[in-house]
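See below for protein.csv, which holds CSV, C-alpha atoms and all ligand atoms.
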```
chain,number,residue,atom,x,y,z
A,1,MET,CA,-36.7,-63.2,-23.4
A,2,ALA,CA,-36.0,-60.8,-20.7
A,3,PHE,CA,-32.6,-59.9,-19.4
A,4,VAL,CA,-32.0,-59.1,-15.7
A,5,THR,CA,-29.1,-56.7,-15.2
A,6,LEU,CA,-26.9,-57.7,-12.3
A,7,PRO,CA,-24.4,-54.9,-11.5
A,8,ARG,CA,-21.0,-56.6,-11.5
A,9,GLY,CA,-22.8,-60.0,-11.5
A,10,ASP,CA,-23.9,-59.7,-7.9
A,11,ILE,CA,-27.2,-61.2,-6.6
A,12,THR,CA,-28.3,-62.1,-3.1
A,13,ALA,CA,-29.8,-65.5,-2.0
A,14,GLU,CA,-33.2,-63.7,-1.3
A,15,GLN,CA,-33.2,-62.2,-4.8
A,16,MET,CA,-32.4,-65.6,-6.3
A,17,GLU,CA,-35.2,-67.3,-4.5
A,18,ALA,CA,-37.6,-64.6,-5.7
A,19,LEU,CA,-36.3,-65.1,-9.3
A,20,ALA,CA,-36.9,-68.8,-9.0
A,21,LEU,CA,-40.5,-68.1,-8.2
A,22,LEU,CA,-40.7,-65.6,-11.0
A,23,VAL,CA,-39.6,-68.1,-13.7
A,24,GLU,CA,-42.0,-70.7,-12.3
A,25,THR,CA,-44.8,-68.2,-12.7
A,26,HIS,CA,-43.9,-66.3,-15.9
A,27,GLY,CA,-41.2,-68.4,-17.7
A,28,ASN,CA,-40.5,-72.1,-18.3
A,29,GLY,CA,-39.0,-72.6,-14.9
A,30,THR,CA,-35.4,-72.1,-16.0
A,31,LEU,CA,-33.0,-69.2,-15.7
A,32,ARG,CA,-29.8,-68.8,-17.7
A,33,THR,CA,-26.6,-67.0,-16.9
A,34,THR,CA,-25.1,-64.8,-19.7
A,35,GLN,CA,-21.5,-64.3,-20.5
A,36,ASP,CA,-21.8,-60.7,-19.4
A,37,GLN,CA,-22.8,-61.6,-15.9
A,38,ASN,CA,-26.5,-61.0,-16.3
A,39,LEU,CA,-29.5,-63.4,-16.1
A,40,LEU,CA,-31.9,-64.4,-18.9
A,41,LEU,CA,-35.5,-65.3,-18.4
A,42,ARG,CA,-36.9,-67.3,-21.4
A,43,TRP,CA,-40.3,-67.9,-22.8
A,44,VAL,CA,-42.0,-64.9,-21.1
A,45,ARG,CA,-45.3,-64.1,-22.7
A,46,THR,CA,-45.3,-60.5,-24.1
A,47,GLU,CA,-48.4,-59.5,-22.1
A,48,GLU,CA,-46.7,-60.7,-18.9
A,49,LEU,CA,-43.6,-58.5,-19.3
A,50,PRO,CA,-45.0,-55.6,-17.2
A,51,ALA,CA,-45.7,-57.9,-14.3
A,52,VAL,CA,-42.2,-59.4,-14.6
A,53,HIS,CA,-40.7,-55.9,-14.6
A,54,ARG,CA,-42.8,-54.9,-11.5
A,55,GLU,CA,-41.5,-58.0,-9.6
A,56,LEU,CA,-37.9,-57.3,-10.7
A,57,GLU,CA,-38.2,-53.7,-9.4
A,58,ARG,CA,-39.7,-55.0,-6.1
A,59,ILE,CA,-36.6,-57.1,-5.5
A,60,ASP,CA,-34.3,-54.3,-6.7
A,61,LEU,CA,-33.4,-56.0,-9.9
A,62,GLY,CA,-35.3,-53.7,-12.3
A,63,HIS,CA,-32.2,-52.0,-13.6
A,64,ALA,CA,-31.9,-51.3,-17.4
A,65,GLU,CA,-28.8,-51.3,-19.6
A,66,ALA,CA,-28.0,-55.1,-19.7
A,67,GLY,CA,-25.2,-55.6,-22.2
A,68,ARG,CA,-24.7,-51.9,-22.9
A,69,LEU,CA,-22.3,-49.2,-22.0
A,70,LEU,CA,-23.7,-48.6,-18.5
A,71,ASP,CA,-23.2,-52.3,-17.7
A,72,PRO,CA,-19.4,-52.7,-17.4
A,73,THR,CA,-18.3,-56.2,-16.4
A,74,SER,CA,-15.2,-57.5,-14.6
A,75,CYS,CA,-13.6,-60.7,-13.4
A,76,PRO,CA,-13.4,-61.2,-9.6
A,77,GLY,CA,-10.0,-59.5,-9.5
A,78,ALA,CA,-8.1,-59.0,-6.3
A,79,GLU,CA,-11.3,-59.4,-4.3
A,80,SER,CA,-10.9,-63.2,-4.4
A,81,CYS,CA,-8.4,-64.1,-7.1
A,82,LYS,CA,-4.9,-64.6,-5.8
A,83,ILE,CA,-3.1,-64.0,-9.1
A,84,ALA,CA,-5.0,-60.7,-9.7
A,85,VAL,CA,-2.9,-57.6,-9.9
A,86,THR,CA,-5.7,-55.1,-9.4
A,87,GLY,CA,-9.2,-54.8,-8.0
A,88,SER,CA,-11.1,-55.0,-11.2
A,89,ARG,CA,-14.5,-55.1,-9.6
A,90,GLU,CA,-13.8,-51.7,-7.9
A,91,LEU,CA,-12.9,-50.3,-11.3
A,92,ALA,CA,-16.1,-51.6,-12.8
A,93,LEU,CA,-18.0,-49.8,-10.0
A,94,ALA,CA,-16.1,-46.6,-10.5
A,95,VAL,CA,-16.6,-46.5,-14.2
A,96,LYS,CA,-20.3,-47.2,-13.9
A,97,GLU,CA,-20.6,-44.4,-11.3
A,98,THR,CA,-18.7,-41.9,-13.5
A,99,LEU,CA,-20.8,-42.7,-16.6
A,100,THR,CA,-24.1,-42.6,-14.6
A,101,GLU,CA,-23.1,-39.2,-13.2
A,102,GLN,CA,-22.2,-38.0,-16.7
A,103,ALA,CA,-25.6,-39.1,-18.0
A,104,GLY,CA,-27.3,-37.2,-15.2
A,105,ASN,CA,-25.2,-34.0,-15.9
A,106,GLY,CA,-26.4,-33.4,-19.5
A,107,GLY,CA,-24.5,-36.3,-21.1
A,108,LYS,CA,-27.5,-38.6,-21.5
A,109,ASP,CA,-27.5,-38.3,-25.4
A,110,LEU,CA,-23.8,-39.1,-25.6
A,111,ILE,CA,-24.2,-42.1,-23.3
A,112,ALA,CA,-27.1,-43.3,-25.5
A,113,ALA,CA,-25.1,-42.7,-28.7
A,114,ALA,CA,-22.3,-44.9,-27.4
A,115,SER,CA,-24.6,-47.6,-25.9
A,116,ASP,CA,-23.3,-50.2,-28.3
A,117,LEU,CA,-19.8,-50.0,-26.6
A,118,ARG,CA,-18.9,-52.7,-24.0
A,119,ILE,CA,-16.4,-52.0,-21.2
A,120,LYS,CA,-14.8,-55.2,-19.9
A,121,ILE,CA,-12.2,-55.4,-17.2
A,122,SER,CA,-9.8,-58.1,-16.0
A,123,GLY,CA,-7.6,-58.0,-12.9
A,124,CYS,CA,-4.6,-59.4,-14.9
A,125,PRO,CA,-3.7,-60.3,-18.5
A,126,ASN,CA,-5.5,-63.7,-18.3
A,127,SER,CA,-8.7,-62.1,-19.5
A,128,CYS,CA,-11.4,-63.9,-17.5
A,129,GLY,CA,-13.1,-60.5,-17.8
A,130,GLN,CA,-12.8,-60.7,-21.6
A,131,HIS,CA,-11.1,-57.4,-22.0
A,132,HIS,CA,-9.6,-58.5,-25.3
A,133,VAL,CA,-13.0,-58.5,-27.0
A,134,ALA,CA,-14.4,-55.3,-25.6
A,135,GLY,CA,-14.9,-51.9,-27.3
A,136,ILE,CA,-12.9,-50.6,-24.4
A,137,GLY,CA,-11.0,-53.2,-22.4
A,138,PHE,CA,-8.7,-53.0,-19.5
A,139,HIS,CA,-6.4,-55.5,-17.7
A,140,GLY,CA,-4.7,-54.9,-14.4
A,141,ALA,CA,-1.0,-54.3,-14.3
A,142,ALA,CA,1.6,-52.7,-12.1
A,143,LYS,CA,4.4,-50.2,-12.8
A,144,HIS,CA,7.3,-49.7,-10.5
A,145,VAL,CA,8.3,-46.1,-9.9
A,146,GLY,CA,11.4,-46.0,-7.8
A,147,PRO,CA,10.9,-48.3,-4.8
A,148,ARG,CA,7.1,-48.2,-5.0
A,149,ALA,CA,4.5,-49.7,-7.4
A,150,VAL,CA,1.5,-48.0,-9.0
A,151,PRO,CA,-1.6,-50.0,-9.8
A,152,ALA,CA,-2.5,-49.5,-13.4
A,153,TYR,CA,-4.6,-50.8,-16.3
A,154,GLN,CA,-3.5,-51.6,-19.8
A,155,MET,CA,-6.2,-50.3,-22.2
A,156,PHE,CA,-7.4,-52.0,-25.4
A,157,LEU,CA,-9.7,-50.4,-28.0
A,158,GLY,CA,-12.1,-51.7,-30.7
A,159,GLY,CA,-12.5,-55.3,-29.7
A,160,ALA,CA,-15.8,-57.2,-30.2
A,161,VAL,CA,-17.6,-60.4,-30.9
A,162,ASP,CA,-19.9,-60.3,-33.9
A,163,GLY,CA,-21.3,-62.5,-36.6
A,164,ASP,CA,-17.8,-62.6,-38.2
A,165,GLY,CA,-16.2,-63.9,-35.0
A,166,ALA,CA,-14.0,-62.4,-32.3
A,167,HIS,CA,-12.0,-59.3,-33.0
A,168,PHE,CA,-9.2,-58.5,-30.5
A,169,GLY,CA,-8.9,-54.9,-29.3
A,170,ARG,CA,-5.8,-52.9,-30.2
A,171,ARG,CA,-3.3,-52.2,-27.4
A,172,SER,CA,-3.3,-48.5,-26.3
A,173,VAL,CA,-1.9,-46.8,-23.3
A,174,LYS,CA,-1.3,-48.0,-19.7
A,175,ILE,CA,-3.0,-45.7,-17.1
A,176,PRO,CA,-2.8,-45.6,-13.2
A,177,SER,CA,-6.0,-47.2,-11.8
A,178,ARG,CA,-7.5,-44.1,-10.3
A,179,ARG,CA,-7.3,-42.2,-13.5
A,180,VAL,CA,-9.2,-44.8,-15.6
A,181,PRO,CA,-12.7,-43.3,-15.1
A,182,GLU,CA,-11.5,-40.0,-16.3
A,183,ALA,CA,-9.9,-41.7,-19.3
A,184,VAL,CA,-13.2,-43.3,-20.2
A,185,THR,CA,-14.9,-39.9,-20.0
A,186,ARG,CA,-12.3,-38.4,-22.4
A,187,LEU,CA,-12.7,-41.3,-24.8
A,188,LEU,CA,-16.4,-40.6,-25.0
A,189,ALA,CA,-15.7,-36.9,-25.6
A,190,LEU,CA,-13.3,-37.9,-28.4
A,191,PHE,CA,-16.1,-40.0,-29.9
A,192,ARG,CA,-18.5,-37.1,-29.7
A,193,ASP,CA,-16.2,-34.7,-31.3
A,194,GLU,CA,-14.5,-36.8,-34.0
A,195,ARG,CA,-17.0,-39.4,-35.0
A,196,GLN,CA,-18.3,-39.6,-38.6
A,197,PRO,CA,-22.0,-39.1,-39.3
A,198,ASP,CA,-23.9,-42.1,-38.1
A,199,GLU,CA,-20.8,-43.8,-36.9
A,200,SER,CA,-21.3,-46.1,-33.9
A,201,ALA,CA,-19.0,-45.9,-30.9
A,202,LEU,CA,-17.6,-49.4,-31.6
A,203,ALA,CA,-16.9,-48.5,-35.2
A,204,PHE,CA,-15.2,-45.3,-34.1
A,205,PHE,CA,-12.9,-47.1,-31.6
A,206,LYS,CA,-12.1,-49.7,-34.2
A,207,ARG,CA,-10.9,-47.1,-36.7
A,208,VAL,CA,-9.5,-44.1,-34.6
A,209,GLU,CA,-5.8,-43.7,-34.8
A,210,LEU,CA,-4.1,-45.0,-31.7
A,211,GLU,CA,-1.8,-42.0,-31.8
A,212,ARG,CA,-4.8,-39.7,-31.5
A,213,VAL,CA,-6.1,-41.5,-28.5
A,214,ASN,CA,-2.7,-41.7,-26.8
A,215,SER,CA,-2.2,-38.0,-27.3
A,216,ALA,CA,-5.7,-37.2,-25.8
A,217,LEU,CA,-4.8,-39.3,-22.7
A,218,SER,CA,-1.0,-38.5,-22.5
A,219,ASP,CA,-1.2,-36.7,-19.2
A,220,LEU,CA,-3.3,-39.5,-17.6
A,221,ALA,CA,-0.9,-42.1,-18.9
A,222,SER,CA,2.2,-40.4,-17.5
A,223,PHE,CA,4.0,-42.3,-14.7
A,224,SER,CA,6.7,-39.7,-14.2
A,225,GLU,CA,7.4,-38.9,-10.5
A,226,GLN,CA,6.3,-35.3,-10.8
A,227,ASP,CA,2.9,-36.3,-12.4
A,228,LEU,CA,2.1,-39.0,-9.8
A,229,HIS,CA,0.1,-38.1,-6.6
A,230,GLU,CA,0.1,-40.1,-3.4
A,231,GLU,CA,-3.3,-41.5,-4.2
A,232,ASP,CA,-1.9,-43.1,-7.4
A,233,PHE,CA,0.1,-45.6,-5.2
A,234,SER,CA,-3.1,-47.2,-3.8
A,235,ASP,CA,-5.7,-49.1,-5.8
A,236,LEU,CA,-9.4,-48.1,-6.1
A,237,GLY,CA,-11.4,-49.0,-3.1
A,238,THR,CA,-8.6,-48.9,-0.6
A,239,ASP,CA,-6.2,-46.4,0.9
A,240,GLN,CA,-3.5,-49.1,1.6
A,241,PRO,CA,-0.2,-48.9,-0.3
A,242,PHE,CA,-0.3,-51.0,-3.5
A,243,ILE,CA,1.8,-54.2,-3.2
A,244,VAL,CA,2.1,-56.9,-5.9
A,245,GLU,CA,1.5,-60.3,-4.3
A,246,LEU,CA,0.9,-63.5,-6.4
A,247,GLY,CA,-0.9,-66.6,-5.1
A,248,GLU,CA,-3.3,-69.3,-6.4
A,249,GLY,CA,-5.7,-68.2,-9.2
A,250,GLU,CA,-9.5,-67.9,-9.1
A,251,CYS,CA,-9.7,-69.6,-12.5
A,252,ALA,CA,-7.8,-72.5,-14.2
A,253,THR,CA,-4.8,-70.3,-15.1
A,301,LIG,S1,-6.7,-64.9,-13.4
A,301,LIG,FE1,-8.7,-64.4,-14.3
A,301,LIG,S2,-10.0,-64.0,-12.5
A,301,LIG,FE2,-7.9,-63.8,-11.8
A,301,LIG,S3,-7.4,-61.6,-12.0
A,301,LIG,FE3,-6.7,-62.6,-13.8
A,301,LIG,S4,-8.4,-62.4,-15.3
A,301,LIG,FE4,-9.2,-62.0,-13.2
```

Could I get this file's structure written as structure tokens?
Amino acid sequence: MAFVTLPRGDITAEQMEALALLVETHGNGTLRTTQDQNLLLRWVRTEELPAVHRELERIDLGHAEAGRLLDPTSCPGAESCKIAVTGSRELALAVKETLTEQAGNGGKDLIAAASDLRIKISGCPNSCGQHHVAGIGFHGAAKHVGPRAVPAYQMFLGGAVDGDGAHFGRRSVKIPSRRVPEAVTRLLALFRDERQPDESALAFFKRVELERVNSALSDLASFSEQDLHEEDFSDLGTDQPFIVELGEGECAT
């Protein structure tokens, strides 16, 4: 089997047509979608994998990291879901950019050590983005500060799905949207500095005291008027003031 990484689950019609030809040539003619917004080619002969990878690179789908730390996923969020609170797709993009930059600036080993960790984001508590079963999960929220609202994310830690079933993450702090990428960077630093020998990132975030995490992020999680900047009142990907408006949902909720 070969996974095709789709950043944020996006694919063009032209890429899909090329993939259809690819599975006719190298697979069994079928293509599956995965829960983490990637695609799966089945029944690819081992000796044909290099040719498959070359073709994926040609159509700009040769990215690595499917199902790992550098492959954050999100629900559609405010881009198309009318009951979304925040733009979760924008956050997934910002988190991926921050982690990729960190890997390129000497943090490659840390990113690799934490590769078992999944980051999943929902634009509201309904969890179409499956934030509740992520090593680091976020759902969109809003916090009113005086007459204005701040777009924010409620964070959860240590969730996963494994052979024993689903394990919900523990509720941690709420953070203004624009500070979430920095919060993820700090969480990885905490893992680097305080992990036990051979401890995986998921095991670390299952066990670490929430008080320890909350204190490491306390300045980012502050909504006091003196700690907020003008940019905190707009969501990622826009400079328009943040307003909470509810309408019809993307999913069945
Ligand atoms: S209802 Fe579902 S798709 Fe819409 S923002 Fe909430 S979690 Fe995302």

If we count all atoms listed in the file, what is near range 154-158 of chain A at a cut-off of 8 Å, once residues fewer than 2 positions away on the same chain are taken out, given as an MDAnalysis selection string? chainID A and resid 131:141 152 160 167:175 202:207

Using only C-alpha atoms and all ligand atoms, can you tell me which of A:Lys82, A:Arg192, A:Lys108, A:Arg212 comes closest to ligand LIG 301 (chain A)?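 Of the candidates, the smallest distance to ligand LIG 301 (chain A) is held by A:Lys82.
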
Go ahead and compute the interatomic distance for CA of Cys128 in chain A and CA of Thr12 in chain A, in Å to one decimal.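 Interatomic distance, CA of Cys128 in chain A to CA of Thr12 in chain A: 22.3 Å.
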
For Ala92 in chain A, find every residue with an atom within 10 Å (counting all atoms listed in the file), except residues of its own chain fewer than 6 positions away, and show them as a ChimeraX atom specification. /A:7-8,70-75,119-122,181

Select, from A:Leu91, A:Leu39, A:Leu31, A:Leu188, the residue with the minimum atom-to-atom distance to Pro151 in chain A, counting only C-alpha atoms.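 Checking each of A:Leu91, A:Leu39, A:Leu31, A:Leu188 against Pro151 in chain A, counting only C-alpha atoms, the winner is A:Leu91.
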
Find the spatial neighbours of Glu47 in chain A, counting all atoms listed in the file, within a cut-off of 12 Å - ignore same-chain residues fewer than 5 positions away - and output them as a PDB file with C-alpha atoms, in the coordinates of the input.
```
ATOM      1  CA  HIS A  26     -43.900 -66.300 -15.900  1.00  0.00           C
ATOM      2  CA  VAL A  52     -42.200 -59.400 -14.600  1.00  0.00           C
ATOM      3  CA  HIS A  53     -40.700 -55.900 -14.600  1.00  0.00           C
TER       4      HIS A  53
END
```

Ala84 in chain A: which residues within 7 Å, counting all atoms listed in the file, same-chain residues fewer than 4 positions away excluded, as a list in words?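 Contacts, in chain order: Gly77, Ala78, Gly123 and Cys124 of chain A.
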
In Å, how far is it from CA of Arg186 in chain A to CA of Ala114 in chain A?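 Going from CA of Arg186 in chain A over to CA of Ala114 in chain A covers 12.9 Å.
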
From A:Val85, A:Met1, A:Ala189, A:Met16, residue lying nearest ligand LIG 301 (chain A) [only C-alpha atoms and all ligand atoms]: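 Of A:Val85, A:Met1, A:Ala189, A:Met16, the one nearest ligand LIG 301 (chain A), counting only C-alpha atoms and all ligand atoms, is A:Val85.
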
By how many Å are CA of His229 in chain A and CA of Gly87 in chain A apart?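 Pair CA of His229 in chain A / CA of Gly87 in chain A returns 19.2 Å.
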
Counting all atoms listed in the file, the option among A:Lys143, A:Arg179, A:Arg45, A:Arg68 closest to Val244 in chain A: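 Under the stated criterion, the closest residue is A:Lys143.
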
Just checking: using only C-alpha atoms, which residue out of A:Asp193, A:Glu97, A:Glu48, A:Glu90 ends up closest to Ala2 in chain A? A:Glu48

Which of these, A:Ala18, A:Ala221, A:Leu228, A:Val23, has the shortest distance to Gly146 in chain A once you count only C-alpha atoms?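 The answer is A:Leu228, which sits nearest to Gly146 in chain A.
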
Contacts of Thr185 in chain A at 10 Å (all atoms listed in the file; same-chain gap of 3+ positions) as a ChimeraX atom specification: /A:95,98-99,102,180-182,188-191
